[in-house]
Amino acid sequence: MCLLIAVLLSVPVGGQVDPTQARITLQPPWTSMFPEETITLWCEGPHLPGDSSTQWFLNGTAIQTSTPRYSISSASASDAGEYRCQTGLSEPSDPIQLEIHRDWLLLQVSRRVLMEGESLALRCHGWKNKLVYNVLFYQNGKTFKFLPWNSEFTILKTSVNHNGIYHCSGMGWHRYTSAGVSVTVKELFTPPVLTASLVSPLLEGTQVNLSCETTLLPQRPALQLYFSFFLGNKTLRARSTSTKYQILAARREDSGSYWCEAATEDGNILKRSPELELQVLGLQSPISVWFKVLYYPAMGIIFIVDTFLCTLVHRELQRKKKWNLEICLDSDPWKKVTSDLQKDRYLEGKLKSPEQEQPQEKTHQKKPQEGEQQ
């Protein structure tokens, strides 16, 4: 079982590995152990012709061992620390932290810091290899795996969702619980983002450039990614090293939801971008364009003129109502008048006129009598 785990852990993530950097593998693959247990460290890297010597370092100090293999037959507290190795033509390896613990139950992990896509092995290990059963594995305090008779479990492909604090519990004489172990999974590359050279909506016939952008982990600058482009469920281009896709002359049927995908060479890690909505508008005929250019301004002018004329008419009617209401008082008494007020004044005048006429008649009658007396 330990040999199988060691083989899984030796597979490079993404199908690529830096050929100039040395690499340490462990057998068994655990970075923590009990005292008096045995472990072997192997250093892999390019060598000079005829020279297979290897340099080992513990906490930055060279160890008096020049072979690719470094064995610890009975571990003690002095063996704990940070290990590195280097071959004749390699760069120093990434560090491996080896820990020695004294407890009833120990959660062993194959690596505390790893790249996404790499496998992570966990083992709930009892003191002096005591049998442990009904094992529970926890991540950040929540149970995620139960093994009734086995105490080892492997996550074949890790992601950033596997970051956290792990511990385990198991039955022996009693139910024991291990201490927590921190595991960090580094992201090889960020989720891609799809961008367009022009803002939607687009006119038919326009050239559009799509770009699928992502950022590589600084420790893997030479990692080769492959990009695919999609329109809905339709594949536009699959697995290309280019991050660009060009639409030479957009058409109406090119409207829709675009997205892209970035993947490692072996396809072990694959990430999808959010969707980008593009709308392509059809070209308009010159007649319809000129119609819109002339129609809307003309309608605006008509509206303004109409409003102006209505205002003038309204003001004229108001002025006539107040000042130009005339009536001819010498006309037929039953002649229709244009105002109730004028009608009242007219009737009042007619009532007063007989009273004024009677004194005049009396005067005319008296004058002849006086002439007769003379």
# chains A, B, ... in the order shown; residues from 1 in each chain; ligands from 1
$ closest_atom_pairs --of "region 133-198 of chain A" --to "region 251-263 of chain A" --cutoff "12 Å" --atoms "only C-alpha atoms" --output "JSON lines"
{"residue": "A:Leu188", "atom": "CA", "partner": "A:Ala263", "partner_atom": "CA", "distance": 10.4}
{"residue": "A:Phe189", "atom": "CA", "partner": "A:Ala262", "partner_atom": "CA", "distance": 9.0}
{"residue": "A:Thr190", "atom": "CA", "partner": "A:Ala262", "partner_atom": "CA", "distance": 9.4}
{"residue": "A:Pro191", "atom": "CA", "partner": "A:Ala262", "partner_atom": "CA", "distance": 7.8}
{"residue": "A:Pro192", "atom": "CA", "partner": "A:Ala262", "partner_atom": "CA", "distance": 6.6}
{"residue": "A:Val193", "atom": "CA", "partner": "A:Cys260", "partner_atom": "CA", "distance": 7.8}
{"residue": "A:Leu194", "atom": "CA", "partner": "A:Trp259", "partner_atom": "CA", "distance": 6.3}
{"residue": "A:Thr195", "atom": "CA", "partner": "A:Trp259", "partner_atom": "CA", "distance": 9.3}
{"residue": "A:Ala196", "atom": "CA", "partner": "A:Tyr258", "partner_atom": "CA", "distance": 9.9}
$ write_last_selection --atoms "N, CA and C atoms" --output "PDB file, in the first residue's frame"
ATOM      1  N   LEU A 188      -2.386  26.027  -9.301  1.00  0.00           N
ATOM      2  CA  LEU A 188      -1.431  26.080 -10.407  1.00  0.00           C
ATOM      3  C   LEU A 188      -1.681  27.290 -11.302  1.00  0.00           C
ATOM      4  N   PHE A 189      -2.936  27.585 -11.559  1.00  0.00           N
ATOM      5  CA  PHE A 189      -3.296  28.762 -12.357  1.00  0.00           C
ATOM      6  C   PHE A 189      -4.695  29.199 -11.963  1.00  0.00           C
ATOM      7  N   THR A 190      -4.949  30.471 -12.113  1.00  0.00           N
ATOM      8  CA  THR A 190      -6.246  31.031 -11.712  1.00  0.00           C
ATOM      9  C   THR A 190      -7.319  30.645 -12.734  1.00  0.00           C
ATOM     10  N   PRO A 191      -8.595  30.633 -12.319  1.00  0.00           N
ATOM     11  CA  PRO A 191      -9.671  30.389 -13.301  1.00  0.00           C
ATOM     12  C   PRO A 191      -9.600  31.415 -14.426  1.00  0.00           C
ATOM     13  N   PRO A 192      -9.751  30.977 -15.673  1.00  0.00           N
ATOM     14  CA  PRO A 192      -9.618  31.926 -16.800  1.00  0.00           C
ATOM     15  C   PRO A 192     -10.764  32.920 -16.853  1.00  0.00           C
ATOM     16  N   VAL A 193     -10.489  34.041 -17.497  1.00  0.00           N
ATOM     17  CA  VAL A 193     -11.491  35.083 -17.730  1.00  0.00           C
ATOM     18  C   VAL A 193     -11.518  35.370 -19.228  1.00  0.00           C
ATOM     19  N   LEU A 194     -12.701  35.330 -19.821  1.00  0.00           N
ATOM     20  CA  LEU A 194     -12.852  35.578 -21.255  1.00  0.00           C
ATOM     21  C   LEU A 194     -13.216  37.039 -21.484  1.00  0.00           C
ATOM     22  N   THR A 195     -12.460  37.717 -22.343  1.00  0.00           N
ATOM     23  CA  THR A 195     -12.724  39.121 -22.671  1.00  0.00           C
ATOM     24  C   THR A 195     -12.827  39.278 -24.184  1.00  0.00           C
ATOM     25  N   ALA A 196     -13.531  40.342 -24.615  1.00  0.00           N
ATOM     26  CA  ALA A 196     -13.701  40.645 -26.039  1.00  0.00           C
ATOM     27  C   ALA A 196     -13.088  41.995 -26.356  1.00  0.00           C
TER      28      ALA A 196
END
$ residues_around --residues "region 71-86 of chain A" --least-positions-apart "4" --cutoff "6 Å" --atoms "only C-alpha atoms" --output "PDB file with all heavy atoms, in the first residue's frame"
ATOM      1  N   ALA A  22      15.895  19.322  -8.351  1.00  0.00           N
ATOM      2  CA  ALA A  22      15.861  18.006  -7.703  1.00  0.00           C
ATOM      3  C   ALA A  22      14.524  17.816  -6.992  1.00  0.00           C
ATOM      4  O   ALA A  22      13.813  18.781  -6.693  1.00  0.00           O
ATOM      5  CB  ALA A  22      17.013  17.885  -6.722  1.00  0.00           C
ATOM      6  N   PRO A  35       8.641   7.993  17.211  1.00  0.00           N
ATOM      7  CA  PRO A  35      10.058   7.643  17.467  1.00  0.00           C
ATOM      8  C   PRO A  35      10.310   6.159  17.190  1.00  0.00           C
ATOM      9  O   PRO A  35       9.417   5.323  17.322  1.00  0.00           O
ATOM     10  CB  PRO A  35      10.242   7.971  18.955  1.00  0.00           C
ATOM     11  CG  PRO A  35       9.192   8.992  19.255  1.00  0.00           C
ATOM     12  CD  PRO A  35       8.021   8.620  18.403  1.00  0.00           C
ATOM     13  N   GLU A  36      11.531   5.877  16.767  1.00  0.00           N
ATOM     14  CA  GLU A  36      12.032   4.523  16.490  1.00  0.00           C
ATOM     15  C   GLU A  36      11.458   3.917  15.216  1.00  0.00           C
ATOM     16  O   GLU A  36      11.733   2.746  14.917  1.00  0.00           O
ATOM     17  CB  GLU A  36      11.752   3.579  17.671  1.00  0.00           C
ATOM     18  CG  GLU A  36      12.398   4.026  18.973  1.00  0.00           C
ATOM     19  CD  GLU A  36      12.087   3.090  20.137  1.00  0.00           C
ATOM     20  OE1 GLU A  36      11.397   2.066  19.907  1.00  0.00           O
ATOM     21  OE2 GLU A  36      12.520   3.394  21.259  1.00  0.00           O
ATOM     22  N   GLU A  37      10.701   4.698  14.451  1.00  0.00           N
ATOM     23  CA  GLU A  37      10.228   4.192  13.162  1.00  0.00           C
ATOM     24  C   GLU A  37      11.260   4.486  12.075  1.00  0.00           C
ATOM     25  O   GLU A  37      12.175   5.299  12.251  1.00  0.00           O
ATOM     26  CB  GLU A  37       8.869   4.802  12.809  1.00  0.00           C
ATOM     27  CG  GLU A  37       7.742   4.318  13.713  1.00  0.00           C
ATOM     28  CD  GLU A  37       6.377   4.773  13.279  1.00  0.00           C
ATOM     29  OE1 GLU A  37       6.262   5.867  12.660  1.00  0.00           O
ATOM     30  OE2 GLU A  37       5.405   4.062  13.560  1.00  0.00           O
ATOM     31  N   THR A  38      11.082   3.824  10.919  1.00  0.00           N
ATOM     32  CA  THR A  38      12.057   3.889   9.830  1.00  0.00           C
ATOM     33  C   THR A  38      11.477   4.638   8.634  1.00  0.00           C
ATOM     34  O   THR A  38      10.292   4.503   8.320  1.00  0.00           O
ATOM     35  CB  THR A  38      12.455   2.473   9.390  1.00  0.00           C
ATOM     36  OG1 THR A  38      13.043   1.794  10.503  1.00  0.00           O
ATOM     37  CG2 THR A  38      13.455   2.514   8.244  1.00  0.00           C
ATOM     38  N   ILE A  39      12.331   5.413   7.964  1.00  0.00           N
ATOM     39  CA  ILE A  39      11.929   6.131   6.754  1.00  0.00           C
ATOM     40  C   ILE A  39      13.152   6.287   5.844  1.00  0.00           C
ATOM     41  O   ILE A  39      14.291   6.380   6.317  1.00  0.00           O
ATOM     42  CB  ILE A  39      11.317   7.505   7.082  1.00  0.00           C
ATOM     43  CG1 ILE A  39      10.716   8.142   5.831  1.00  0.00           C
ATOM     44  CG2 ILE A  39      12.368   8.439   7.690  1.00  0.00           C
ATOM     45  CD1 ILE A  39       9.887   9.388   6.100  1.00  0.00           C
ATOM     46  N   THR A  40      12.898   6.315   4.515  1.00  0.00           N
ATOM     47  CA  THR A  40      13.956   6.502   3.521  1.00  0.00           C
ATOM     48  C   THR A  40      13.595   7.674   2.619  1.00  0.00           C
ATOM     49  O   THR A  40      12.459   7.766   2.127  1.00  0.00           O
ATOM     50  CB  THR A  40      14.154   5.240   2.678  1.00  0.00           C
ATOM     51  OG1 THR A  40      14.521   4.142   3.547  1.00  0.00           O
ATOM     52  CG2 THR A  40      15.248   5.445   1.648  1.00  0.00           C
ATOM     53  N   THR A  54      25.179  13.009  -4.525  1.00  0.00           N
ATOM     54  CA  THR A  54      24.034  13.832  -4.126  1.00  0.00           C
ATOM     55  C   THR A  54      24.355  14.518  -2.808  1.00  0.00           C
ATOM     56  O   THR A  54      24.926  13.905  -1.905  1.00  0.00           O
ATOM     57  CB  THR A  54      22.773  12.976  -3.970  1.00  0.00           C
ATOM     58  OG1 THR A  54      22.512  12.301  -5.204  1.00  0.00           O
ATOM     59  CG2 THR A  54      21.571  13.837  -3.606  1.00  0.00           C
ATOM     60  N   GLN A  55      23.991  15.780  -2.713  1.00  0.00           N
ATOM     61  CA  GLN A  55      24.216  16.531  -1.490  1.00  0.00           C
ATOM     62  C   GLN A  55      22.901  16.678  -0.736  1.00  0.00           C
ATOM     63  O   GLN A  55      21.884  17.093  -1.306  1.00  0.00           O
ATOM     64  CB  GLN A  55      24.778  17.909  -1.812  1.00  0.00           C
ATOM     65  CG  GLN A  55      25.140  18.739  -0.598  1.00  0.00           C
ATOM     66  CD  GLN A  55      26.297  18.132   0.194  1.00  0.00           C
ATOM     67  OE1 GLN A  55      27.406  17.995  -0.321  1.00  0.00           O
ATOM     68  NE2 GLN A  55      26.044  17.766   1.431  1.00  0.00           N
ATOM     69  N   TRP A  56      22.933  16.330   0.588  1.00  0.00           N
ATOM     70  CA  TRP A  56      21.736  16.445   1.439  1.00  0.00           C
ATOM     71  C   TRP A  56      21.935  17.552   2.460  1.00  0.00           C
ATOM     72  O   TRP A  56      23.057  17.797   2.938  1.00  0.00           O
ATOM     73  CB  TRP A  56      21.480  15.126   2.178  1.00  0.00           C
ATOM     74  CG  TRP A  56      20.977  14.019   1.284  1.00  0.00           C
ATOM     75  CD1 TRP A  56      21.738  13.088   0.621  1.00  0.00           C
ATOM     76  CD2 TRP A  56      19.619  13.749   0.969  1.00  0.00           C
ATOM     77  NE1 TRP A  56      20.949  12.242  -0.099  1.00  0.00           N
ATOM     78  CE2 TRP A  56      19.626  12.622   0.098  1.00  0.00           C
ATOM     79  CE3 TRP A  56      18.397  14.321   1.306  1.00  0.00           C
ATOM     80  CZ2 TRP A  56      18.456  12.069  -0.415  1.00  0.00           C
ATOM     81  CZ3 TRP A  56      17.235  13.776   0.790  1.00  0.00           C
ATOM     82  CH2 TRP A  56      17.263  12.661  -0.057  1.00  0.00           C
ATOM     83  N   PHE A  57      20.798  18.215   2.815  1.00  0.00           N
ATOM     84  CA  PHE A  57      20.835  19.298   3.793  1.00  0.00           C
ATOM     85  C   PHE A  57      19.716  19.091   4.807  1.00  0.00           C
ATOM     86  O   PHE A  57      18.587  18.749   4.446  1.00  0.00           O
ATOM     87  CB  PHE A  57      20.655  20.662   3.110  1.00  0.00           C
ATOM     88  CG  PHE A  57      21.690  20.962   2.052  1.00  0.00           C
ATOM     89  CD1 PHE A  57      21.485  20.575   0.734  1.00  0.00           C
ATOM     90  CD2 PHE A  57      22.868  21.625   2.392  1.00  0.00           C
ATOM     91  CE1 PHE A  57      22.436  20.860  -0.237  1.00  0.00           C
ATOM     92  CE2 PHE A  57      23.820  21.909   1.424  1.00  0.00           C
ATOM     93  CZ  PHE A  57      23.603  21.526   0.098  1.00  0.00           C
ATOM     94  N   LEU A  58      20.038  19.288   6.083  1.00  0.00           N
ATOM     95  CA  LEU A  58      19.057  19.256   7.169  1.00  0.00           C
ATOM     96  C   LEU A  58      19.112  20.608   7.887  1.00  0.00           C
ATOM     97  O   LEU A  58      20.141  20.959   8.471  1.00  0.00           O
ATOM     98  CB  LEU A  58      19.345  18.113   8.139  1.00  0.00           C
ATOM     99  CG  LEU A  58      18.480  18.079   9.407  1.00  0.00           C
ATOM    100  CD1 LEU A  58      16.986  17.991   9.072  1.00  0.00           C
ATOM    101  CD2 LEU A  58      18.895  16.913  10.323  1.00  0.00           C
ATOM    102  N   ASN A  59      17.994  21.345   7.796  1.00  0.00           N
ATOM    103  CA  ASN A  59      17.911  22.688   8.393  1.00  0.00           C
ATOM    104  C   ASN A  59      19.036  23.587   7.896  1.00  0.00           C
ATOM    105  O   ASN A  59      19.597  24.387   8.647  1.00  0.00           O
ATOM    106  CB  ASN A  59      17.928  22.598   9.918  1.00  0.00           C
ATOM    107  CG  ASN A  59      16.740  21.831  10.467  1.00  0.00           C
ATOM    108  OD1 ASN A  59      15.639  21.913   9.930  1.00  0.00           O
ATOM    109  ND2 ASN A  59      16.965  21.080  11.544  1.00  0.00           N
ATOM    110  N   SER A  90      21.487  19.862 -10.861  1.00  0.00           N
ATOM    111  CA  SER A  90      20.142  20.321 -10.485  1.00  0.00           C
ATOM    112  C   SER A  90      20.187  21.540  -9.573  1.00  0.00           C
ATOM    113  O   SER A  90      21.210  21.861  -8.968  1.00  0.00           O
ATOM    114  CB  SER A  90      19.378  19.201  -9.775  1.00  0.00           C
ATOM    115  OG  SER A  90      19.859  19.045  -8.452  1.00  0.00           O
ATOM    116  N   PRO A  92      18.508  23.135  -6.033  1.00  0.00           N
ATOM    117  CA  PRO A  92      18.059  22.497  -4.784  1.00  0.00           C
ATOM    118  C   PRO A  92      16.571  22.155  -4.851  1.00  0.00           C
ATOM    119  O   PRO A  92      15.766  22.864  -5.472  1.00  0.00           O
ATOM    120  CB  PRO A  92      18.340  23.560  -3.720  1.00  0.00           C
ATOM    121  CG  PRO A  92      19.425  24.401  -4.302  1.00  0.00           C
ATOM    122  CD  PRO A  92      19.173  24.434  -5.781  1.00  0.00           C
ATOM    123  N   SER A  93      16.202  21.070  -4.212  1.00  0.00           N
ATOM    124  CA  SER A  93      14.808  20.613  -4.213  1.00  0.00           C
ATOM    125  C   SER A  93      13.946  21.501  -3.314  1.00  0.00           C
ATOM    126  O   SER A  93      14.459  22.289  -2.514  1.00  0.00           O
ATOM    127  CB  SER A  93      14.739  19.171  -3.705  1.00  0.00           C
ATOM    128  OG  SER A  93      15.086  19.134  -2.325  1.00  0.00           O
ATOM    129  N   PRO A  95      11.683  22.016  -0.066  1.00  0.00           N
ATOM    130  CA  PRO A  95      11.923  21.416   1.254  1.00  0.00           C
ATOM    131  C   PRO A  95      10.866  20.380   1.646  1.00  0.00           C
ATOM    132  O   PRO A  95       9.706  20.489   1.258  1.00  0.00           O
ATOM    133  CB  PRO A  95      11.893  22.611   2.200  1.00  0.00           C
ATOM    134  CG  PRO A  95      11.019  23.604   1.509  1.00  0.00           C
ATOM    135  CD  PRO A  95      11.253  23.432   0.047  1.00  0.00           C
ATOM    136  N   ILE A  96      11.270  19.401   2.426  1.00  0.00           N
ATOM    137  CA  ILE A  96      10.380  18.408   3.029  1.00  0.00           C
ATOM    138  C   ILE A  96      10.543  18.506   4.547  1.00  0.00           C
ATOM    139  O   ILE A  96      11.662  18.392   5.061  1.00  0.00           O
ATOM    140  CB  ILE A  96      10.718  16.974   2.566  1.00  0.00           C
ATOM    141  CG1 ILE A  96      10.409  16.807   1.073  1.00  0.00           C
ATOM    142  CG2 ILE A  96       9.951  15.952   3.385  1.00  0.00           C
ATOM    143  CD1 ILE A  96       8.937  16.841   0.747  1.00  0.00           C
ATOM    144  N   GLN A  97       9.443  18.745   5.240  1.00  0.00           N
ATOM    145  CA  GLN A  97       9.474  18.894   6.697  1.00  0.00           C
ATOM    146  C   GLN A  97       9.145  17.552   7.350  1.00  0.00           C
ATOM    147  O   GLN A  97       8.057  17.024   7.172  1.00  0.00           O
ATOM    148  CB  GLN A  97       8.471  19.954   7.156  1.00  0.00           C
ATOM    149  CG  GLN A  97       8.564  20.313   8.630  1.00  0.00           C
ATOM    150  CD  GLN A  97       9.792  21.144   8.965  1.00  0.00           C
ATOM    151  OE1 GLN A  97      10.260  21.925   8.133  1.00  0.00           O
ATOM    152  NE2 GLN A  97      10.329  20.981  10.163  1.00  0.00           N
ATOM    153  N   LEU A  98      10.111  17.010   8.105  1.00  0.00           N
ATOM    154  CA  LEU A  98       9.927  15.729   8.790  1.00  0.00           C
ATOM    155  C   LEU A  98       9.698  15.992  10.280  1.00  0.00           C
ATOM    156  O   LEU A  98      10.443  16.742  10.913  1.00  0.00           O
ATOM    157  CB  LEU A  98      11.160  14.847   8.595  1.00  0.00           C
ATOM    158  CG  LEU A  98      11.017  13.376   8.983  1.00  0.00           C
ATOM    159  CD1 LEU A  98       9.977  12.690   8.113  1.00  0.00           C
ATOM    160  CD2 LEU A  98      12.364  12.655   8.864  1.00  0.00           C
ATOM    161  N   GLU A  99       8.620  15.371  10.840  1.00  0.00           N
ATOM    162  CA  GLU A  99       8.248  15.611  12.230  1.00  0.00           C
ATOM    163  C   GLU A  99       8.216  14.295  13.004  1.00  0.00           C
ATOM    164  O   GLU A  99       7.799  13.260  12.469  1.00  0.00           O
ATOM    165  CB  GLU A  99       6.878  16.282  12.306  1.00  0.00           C
ATOM    166  CG  GLU A  99       6.823  17.635  11.623  1.00  0.00           C
ATOM    167  CD  GLU A  99       5.437  18.240  11.665  1.00  0.00           C
ATOM    168  OE1 GLU A  99       4.501  17.529  12.115  1.00  0.00           O
ATOM    169  OE2 GLU A  99       5.259  19.408  11.267  1.00  0.00           O
ATOM    170  N   ILE A 100       8.638  14.353  14.274  1.00  0.00           N
ATOM    171  CA  ILE A 100       8.628  13.199  15.176  1.00  0.00           C
ATOM    172  C   ILE A 100       7.636  13.506  16.308  1.00  0.00           C
ATOM    173  O   ILE A 100       7.767  14.533  16.975  1.00  0.00           O
ATOM    174  CB  ILE A 100      10.024  12.907  15.756  1.00  0.00           C
ATOM    175  CG1 ILE A 100      11.075  12.866  14.632  1.00  0.00           C
ATOM    176  CG2 ILE A 100      10.022  11.619  16.551  1.00  0.00           C
ATOM    177  CD1 ILE A 100      10.852  11.795  13.617  1.00  0.00           C
TER     178      ILE A 100
END
$ residues_around --residues "Tyr245 (chain A)" --least-positions-apart "3" --cutoff "8 Å" --atoms "only C-alpha atoms" --output "list of chain:residue names"
A:Asn209, A:Leu210, A:Ser211, A:Phe229, A:Ser242
$ write_last_selection --atoms "N, CA and C atoms" --output "PDB file, in the first residue's frame"
ATOM      1  N   ASN A 209     -12.066  39.986 -31.425  1.00  0.00           N
ATOM      2  CA  ASN A 209     -11.010  39.139 -30.873  1.00  0.00           C
ATOM      3  C   ASN A 209     -11.366  38.748 -29.439  1.00  0.00           C
ATOM      4  N   LEU A 210     -11.393  37.434 -29.175  1.00  0.00           N
ATOM      5  CA  LEU A 210     -11.652  36.912 -27.832  1.00  0.00           C
ATOM      6  C   LEU A 210     -10.331  36.472 -27.208  1.00  0.00           C
ATOM      7  N   SER A 211     -10.192  36.727 -25.909  1.00  0.00           N
ATOM      8  CA  SER A 211      -8.961  36.389 -25.200  1.00  0.00           C
ATOM      9  C   SER A 211      -9.287  35.647 -23.906  1.00  0.00           C
ATOM     10  N   PHE A 229     -12.308  27.133 -26.819  1.00  0.00           N
ATOM     11  CA  PHE A 229     -13.316  28.192 -26.884  1.00  0.00           C
ATOM     12  C   PHE A 229     -14.666  27.586 -27.291  1.00  0.00           C
ATOM     13  N   SER A 242      -2.755  28.700 -27.950  1.00  0.00           N
ATOM     14  CA  SER A 242      -3.036  30.133 -28.092  1.00  0.00           C
ATOM     15  C   SER A 242      -4.189  30.533 -27.190  1.00  0.00           C
TER      16      SER A 242
END
$ residues_around --residues "Leu283 (chain A)" --least-positions-apart "4" --cutoff "9 Å" --atoms "only C-alpha atoms" --output "compact mmCIF listing (two decimals) with C-alpha atoms, in the first residue's frame"
# COMPACT_ATOMS: atom_id res chain seq x y z
CA LEU A 203 -22.70 45.44 -35.88
CA GLU A 204 -22.79 42.61 -38.37
CA GLY A 205 -19.49 42.25 -40.24
$ closest_residue --among "A:Leu231, A:Val199, A:Val109, A:Leu248" --to "Ser182 (chain A)" --atoms "only C-alpha atoms"
A:Val109
$ atom_distance --atom1 "CA of Arg111 (chain A)" --atom2 "CA of Asn140 (chain A)"
17.2 Å
$ closest_residue --among "A:Ala249, A:Glu275, A:Ile304, A:Arg175" --to "Asn233 (chain A)" --atoms "only C-alpha atoms"
A:Glu275
$ atom_distance --atom1 "CA of Phe34 (chain A)" --atom2 "CA of His101 (chain A)"
5.2 Å
$ closest_residue --among "A:Leu276, A:Arg220, A:Thr143, A:Ser169" --to "Ser200 (chain A)" --atoms "only C-alpha atoms"
A:Leu276
